[in-house]
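A.B. asks: Got a structure for you, written out below as structure tokens; questions coming shortly.
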Amino acid sequence: METLFSGITVVPVDERDTVLRDAYVGIAGGKITYIGDRPPEAKAARVISGANKVMIPGLCNAHTHIPMTLLRGYADDYDLHTWLHDHIFPAEERLTEDMIYEGARLAVLEMLAGGTVAFTEMYGQMMQVGRAAAESGMKANIAQALIHIGSGAYDAKTDARFAQTRELADAYHDYDNGRIRVDVSIHAEYTSGPAVWEEAARYAIDRGLGMNLHLSETREEHEACKTRRNGRTPAQVFHAARLFNVRTTAAHCVWLENDDIEILGEMGVTAAHCPVSNAKLVSGTANVPLMQQRGVNVALGTDGAASNNSLDMFEEMKAAAILNKLARRDPEAVKAADALRMATANGYLAQGRAGEGGRIQVGCEADLAVLDFDKPHLTPCHNVISHLVYAARASDVCLTMVRGKILYENGEFPALDAEKIKAGARKAAETIAGSRHY
């Protein structure tokens, strides 16, 4: 046995919302091999004390754009359309491949320090994100966003973005025994059209890849689609184009109609709920309780750091719970245990990794996070799961492990040069904004 956690509180994330106190968790060969209330017979190379610590499954960020760490704080306090078209799109035109890489590496530090072990990513120049993910040790589902605006004919054979999708799949799909997977991505209904959707669906189905897209993020987007598409919603046109015929993650889903939710439930589509970004950009709050009632898998995402402005999944859990309570005027709309499940097991299901983890269970890969509960804001603790969602912060994470390998511990990143990464990100940000960043 390589690592043994002793006397630790464990939240397995199971159907009974179990909390195990003073437990022992053994790790060997990258997997969880022992969970019990007394030490195992096998000796461990390293024993980590769990006193005042809580272990949870590693968090899964089900929708983000990690290179946008370089644009954190670049354009705030705007609605989505103004933010995106007047500020973000022009700034993104200045991003080079090296900048994409530096922003992605910075995001890796932030996510690992906050207990996130897996992320689902959609952006441009994704080979550099694949490179950063490969170096990080994290799990990732990555996708090159396909965009085709205009009335000209579309040809996937000559489209540079589609070529990048194929290149990305050839280079990184099932990389490191599936640690990295490649999805196909449609950026959104309003940035593409039927010809793109048809080619994307065909390629995903033929290659056995998943799908990653934005869906009904704003009321304007949703209603404009209905005007363009003879009354059909984005979900309806995507469904007709077979984009939901593979494992699909649809981000935001704020303005879905009843029939849309039925489609997502029937087709096994995951809704990646991004409550903080959607609130900050005044897009609205997705109807999570109704989606769950209709059988939709709901996971949690941060969206990009330019609209959030962090990659803190604890913040997302709290926001998912309290915003849905407020929007539905129901204190039980999304409970703490629901939010924790959305950030862990549901995210793994969205990525096609349900058999790998998202739970603390013997046989699962050792993808986990440990929090230090010996903090004033976590004292006293009447309910561990409640504290994890309503009181804990990303900064309470003291250890993050993926496949049994410690990638973050007490402020240190054993496999990464954090100072070099931060310096590279500062330099890249200066180039974008023309000013000094600290």
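How things are named: the first chain in the structure tokens is A, the next is B, and so on; residues count from 1 in each chain; ligands count from 1 in the order shown.
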Could you give me the residues within segment 329-406 of chain A that DSSP places in alpha helix (DSSP H), as a list of chain:residue names?
C.D. replies: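 These are the residues in question: A:Ala336, A:Ala337, A:Asp338, A:Ala339, A:Leu340, A:Arg341, A:Met342, A:Ala343, A:Ala345, A:Asn346, A:Gly347, A:Tyr348, A:Leu349, A:Ala350, A:Val384, A:Ile385, A:Ser386, A:His387, A:Leu388, A:Val389, A:Tyr390.
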A.B. asks: Could you write those residues out with all heavy atoms, as a compact mmCIF listing (two decimals), in the first residue's frame?
C.D. replies:
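Okay, again_32.txt is ready:
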```
# COMPACT_ATOMS: atom_id res chain seq x y z
N ALA A 336 -27.83 20.66 0.15
CA ALA A 336 -26.36 20.60 0.16
C ALA A 336 -25.85 19.30 -0.46
O ALA A 336 -24.91 19.32 -1.27
CB ALA A 336 -25.85 20.74 1.59
N ALA A 337 -26.47 18.19 -0.12
CA ALA A 337 -26.01 16.91 -0.68
C ALA A 337 -26.21 16.86 -2.19
O ALA A 337 -25.40 16.26 -2.91
CB ALA A 337 -26.76 15.76 -0.01
N ASP A 338 -27.28 17.50 -2.68
CA ASP A 338 -27.50 17.56 -4.13
C ASP A 338 -26.36 18.31 -4.81
O ASP A 338 -25.85 17.90 -5.84
CB ASP A 338 -28.82 18.28 -4.45
CG ASP A 338 -30.04 17.57 -3.89
OD1 ASP A 338 -30.01 16.34 -3.80
OD2 ASP A 338 -31.02 18.27 -3.55
N ALA A 339 -26.00 19.46 -4.24
CA ALA A 339 -24.94 20.29 -4.82
C ALA A 339 -23.61 19.56 -4.83
O ALA A 339 -22.85 19.63 -5.80
CB ALA A 339 -24.83 21.60 -4.06
N LEU A 340 -23.30 18.85 -3.74
CA LEU A 340 -22.04 18.10 -3.67
C LEU A 340 -22.02 17.00 -4.72
O LEU A 340 -21.00 16.77 -5.38
CB LEU A 340 -21.86 17.51 -2.28
CG LEU A 340 -20.58 16.71 -2.06
CD1 LEU A 340 -19.34 17.55 -2.28
CD2 LEU A 340 -20.56 16.09 -0.65
N ARG A 341 -23.15 16.33 -4.91
CA ARG A 341 -23.23 15.27 -5.92
C ARG A 341 -23.05 15.86 -7.33
O ARG A 341 -22.40 15.25 -8.19
CB ARG A 341 -24.58 14.56 -5.80
CG ARG A 341 -24.69 13.27 -6.59
CD ARG A 341 -25.94 12.50 -6.22
NE ARG A 341 -25.87 11.98 -4.85
CZ ARG A 341 -26.55 12.48 -3.81
NH1 ARG A 341 -27.38 13.49 -3.97
NH2 ARG A 341 -26.41 11.95 -2.62
N MET A 342 -23.62 17.04 -7.57
CA MET A 342 -23.48 17.69 -8.87
C MET A 342 -22.02 18.00 -9.18
O MET A 342 -21.59 17.94 -10.33
CB MET A 342 -24.32 18.97 -8.89
CG MET A 342 -25.82 18.73 -8.95
SD MET A 342 -26.81 20.14 -8.37
CE MET A 342 -26.29 21.42 -9.49
N ALA A 343 -21.25 18.33 -8.14
CA ALA A 343 -19.85 18.72 -8.32
C ALA A 343 -18.89 17.54 -8.37
O ALA A 343 -17.71 17.73 -8.67
CB ALA A 343 -19.43 19.66 -7.19
N ALA A 345 -19.90 13.20 -8.44
CA ALA A 345 -20.37 12.04 -9.20
C ALA A 345 -21.04 12.42 -10.51
O ALA A 345 -20.84 11.78 -11.54
CB ALA A 345 -21.32 11.21 -8.34
N ASN A 346 -21.85 13.49 -10.49
CA ASN A 346 -22.55 13.88 -11.72
C ASN A 346 -21.58 14.40 -12.78
O ASN A 346 -21.79 14.20 -13.97
CB ASN A 346 -23.60 14.95 -11.41
CG ASN A 346 -24.76 14.41 -10.60
OD1 ASN A 346 -24.72 13.30 -10.10
ND2 ASN A 346 -25.81 15.21 -10.44
N GLY A 347 -20.54 15.07 -12.35
CA GLY A 347 -19.52 15.54 -13.28
C GLY A 347 -18.78 14.39 -13.93
O GLY A 347 -18.50 14.40 -15.14
N TYR A 348 -18.47 13.36 -13.13
CA TYR A 348 -17.81 12.18 -13.69
C TYR A 348 -18.71 11.47 -14.68
O TYR A 348 -18.25 10.97 -15.72
CB TYR A 348 -17.40 11.24 -12.55
CG TYR A 348 -15.98 11.46 -12.09
CD1 TYR A 348 -15.57 12.68 -11.58
CD2 TYR A 348 -15.02 10.45 -12.21
CE1 TYR A 348 -14.27 12.89 -11.18
CE2 TYR A 348 -13.71 10.65 -11.81
CZ TYR A 348 -13.34 11.87 -11.29
OH TYR A 348 -12.04 12.09 -10.90
N LEU A 349 -20.01 11.40 -14.37
CA LEU A 349 -20.96 10.79 -15.31
C LEU A 349 -20.98 11.59 -16.62
O LEU A 349 -21.00 11.00 -17.71
CB LEU A 349 -22.35 10.77 -14.69
CG LEU A 349 -23.49 10.22 -15.56
CD1 LEU A 349 -23.20 8.77 -15.97
CD2 LEU A 349 -24.81 10.31 -14.80
N ALA A 350 -20.96 12.91 -16.52
CA ALA A 350 -20.96 13.76 -17.71
C ALA A 350 -19.76 13.49 -18.59
O ALA A 350 -19.86 13.52 -19.83
CB ALA A 350 -21.00 15.23 -17.31
N VAL A 384 -21.33 17.78 8.33
CA VAL A 384 -20.17 17.85 7.45
C VAL A 384 -20.57 18.25 6.03
O VAL A 384 -19.93 19.11 5.41
CB VAL A 384 -19.42 16.51 7.45
CG1 VAL A 384 -18.29 16.53 6.41
CG2 VAL A 384 -18.86 16.21 8.82
N ILE A 385 -21.61 17.62 5.49
CA ILE A 385 -22.01 17.91 4.11
C ILE A 385 -22.48 19.35 3.98
O ILE A 385 -22.15 20.04 3.01
CB ILE A 385 -23.08 16.91 3.63
CG1 ILE A 385 -22.47 15.51 3.56
CG2 ILE A 385 -23.64 17.32 2.28
CD1 ILE A 385 -23.45 14.41 3.17
N SER A 386 -23.22 19.83 4.96
CA SER A 386 -23.65 21.23 4.96
C SER A 386 -22.45 22.16 4.96
O SER A 386 -22.40 23.14 4.20
CB SER A 386 -24.53 21.50 6.19
OG SER A 386 -24.81 22.89 6.31
N HIS A 387 -21.47 21.86 5.79
CA HIS A 387 -20.26 22.69 5.84
C HIS A 387 -19.52 22.70 4.51
O HIS A 387 -19.01 23.73 4.08
CB HIS A 387 -19.33 22.19 6.95
CG HIS A 387 -19.43 22.95 8.23
ND1 HIS A 387 -20.57 23.62 8.62
CD2 HIS A 387 -18.52 23.18 9.23
CE1 HIS A 387 -20.37 24.20 9.78
NE2 HIS A 387 -19.13 23.95 10.17
N LEU A 388 -19.45 21.54 3.87
CA LEU A 388 -18.73 21.46 2.59
C LEU A 388 -19.34 22.40 1.55
O LEU A 388 -18.61 23.00 0.74
CB LEU A 388 -18.76 20.03 2.07
CG LEU A 388 -17.84 19.03 2.77
CD1 LEU A 388 -18.20 17.61 2.36
CD2 LEU A 388 -16.38 19.33 2.46
N VAL A 389 -20.64 22.55 1.57
CA VAL A 389 -21.32 23.35 0.55
C VAL A 389 -21.51 24.79 0.97
O VAL A 389 -21.30 25.71 0.17
CB VAL A 389 -22.69 22.71 0.21
CG1 VAL A 389 -23.50 23.59 -0.74
CG2 VAL A 389 -22.47 21.33 -0.42
N TYR A 390 -21.87 25.03 2.22
CA TYR A 390 -22.24 26.39 2.63
C TYR A 390 -21.14 27.15 3.36
O TYR A 390 -21.20 28.39 3.45
CB TYR A 390 -23.47 26.34 3.54
CG TYR A 390 -24.70 25.79 2.87
CD1 TYR A 390 -25.40 24.74 3.45
CD2 TYR A 390 -25.15 26.30 1.66
CE1 TYR A 390 -26.54 24.22 2.84
CE2 TYR A 390 -26.27 25.78 1.05
CZ TYR A 390 -26.96 24.73 1.63
OH TYR A 390 -28.08 24.23 1.02
```
A.B. asks: Please report as CSV every residue of segment 42-134 of chain A lying within 12 Å of segment 220-240 of chain A, along with the nearest atom pair and their distance in Å (one decimal), using only C-alpha atoms.
C.D. replies:
```
residue,atom,partner,partner_atom,distance
A:Asp79,CA,A:Glu220,CA,11.3
A:Leu80,CA,A:Glu220,CA,10.1
A:His81,CA,A:Glu220,CA,9.2
```
A.B. asks: Could you write out the selected residues, including all heavy atoms, as a short mmCIF file (atom, residue, chain, number, x, y, z; two decimals), in the first residue's frame?
C.D. replies:
```cif
data_model
loop_
_atom_site.label_atom_id
_atom_site.label_comp_id
_atom_site.auth_asym_id
_atom_site.auth_seq_id
_atom_site.Cartn_x
_atom_site.Cartn_y
_atom_site.Cartn_z
N ASP A 79 -23.51 43.01 -19.40
CA ASP A 79 -24.34 41.89 -19.79
C ASP A 79 -23.54 41.00 -20.72
O ASP A 79 -22.49 41.41 -21.25
CB ASP A 79 -25.62 42.37 -20.48
CG ASP A 79 -25.32 43.06 -21.80
OD1 ASP A 79 -25.01 44.28 -21.78
OD2 ASP A 79 -25.35 42.39 -22.84
N LEU A 80 -24.03 39.78 -20.95
CA LEU A 80 -23.26 38.80 -21.72
C LEU A 80 -22.92 39.31 -23.12
O LEU A 80 -21.77 39.19 -23.57
CB LEU A 80 -24.03 37.49 -21.84
CG LEU A 80 -23.37 36.41 -22.71
CD1 LEU A 80 -22.03 35.99 -22.13
CD2 LEU A 80 -24.28 35.21 -22.89
N HIS A 81 -23.89 39.87 -23.85
CA HIS A 81 -23.64 40.28 -25.23
C HIS A 81 -22.57 41.35 -25.30
O HIS A 81 -21.63 41.27 -26.10
CB HIS A 81 -24.94 40.78 -25.87
CG HIS A 81 -24.80 41.07 -27.34
ND1 HIS A 81 -24.30 42.28 -27.80
CD2 HIS A 81 -25.05 40.32 -28.44
CE1 HIS A 81 -24.28 42.26 -29.13
NE2 HIS A 81 -24.72 41.09 -29.54
#
```
A.B. asks: Do a neighbour search on segment 117-121 of chain A at 7 Å with only C-alpha atoms, toss out local chain neighbours closer than 5 positions, and write the hits as a list in words.
C.D. replies: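 The residues satisfying every condition are Gly58, Leu59, Cys60, Asn61, Ala62, His63, Thr64, His65, Leu112, Met138, Lys139, Ala140, Asn141, Ile142, Ala143, Asp367 and Val402 of chain A.
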A.B. asks: Which residues come within 12 Å of Tyr74 of chain A, counting only C-alpha atoms, excluding same-chain residues fewer than 6 positions away, as a list in words?
C.D. replies: Met68, Trp83, Leu84, Asp86, His87, Ile88, Phe89, Pro90, Ala91, Glu92, Ala305, Ala306, Ser307, Asn308, Asn309, Ala429, Glu430, Ile432, Ala433, Gly434, Ser435 and His437 of chain A
A.B. asks: Please provide as number ranges by chain all residues within 6 Å of segment 266-274 of chain A, with the sequence filter that same-chain residues fewer than 3 positions apart are discarded (counting only C-alpha atoms).
C.D. replies: A: 62, 248-252, 263, 277, 297-302, 350
A.B. asks: One decimal, Å: what's the distance from atom CA of Thr379 of chain A over to atom CA of Lys53 of chain A, could you say?
C.D. replies: 12.2 Å
A.B. asks: Go through A:Glu262, A:Asp417, A:Glu199, A:Glu102 and flag the residue nearest Met291 of chain A, using only C-alpha atoms for the distances.
C.D. replies: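 Closest candidate: A:Glu262.
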A.B. asks: When you draw a straight line from atom CA of Thr285 of chain A to atom CA of Arg72 of chain A, how long is it in Å?
C.D. replies: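 Those two atoms sit 22.1 Å apart.
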A.B. asks: Could you tell me which of A:Arg359, A:Arg426, A:His214, A:Arg403 comes closest to Asp14 of chain A if we count only C-alpha atoms?
C.D. replies: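 That would be A:Arg359, the residue with the smallest distance to Asp14 of chain A.
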A.B. asks: Atom CA of Pro39 of chain A and atom CA of Leu378 of chain A are how many Å apart?
C.D. replies: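 The value is 27.1 Å.
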A.B. asks: Could you go through segment 97-223 of chain A and tell me which residues DSSP, when run on the backbone, assigns to strand (DSSP E), listing them as JSON, numbers by chain?
C.D. replies: {"A": [116, 117, 118, 119, 120, 121, 122, 123, 139, 140, 141, 142, 143, 144, 145, 146, 180, 181, 182, 183, 184, 185, 186, 210, 211, 212, 213, 214, 215]}
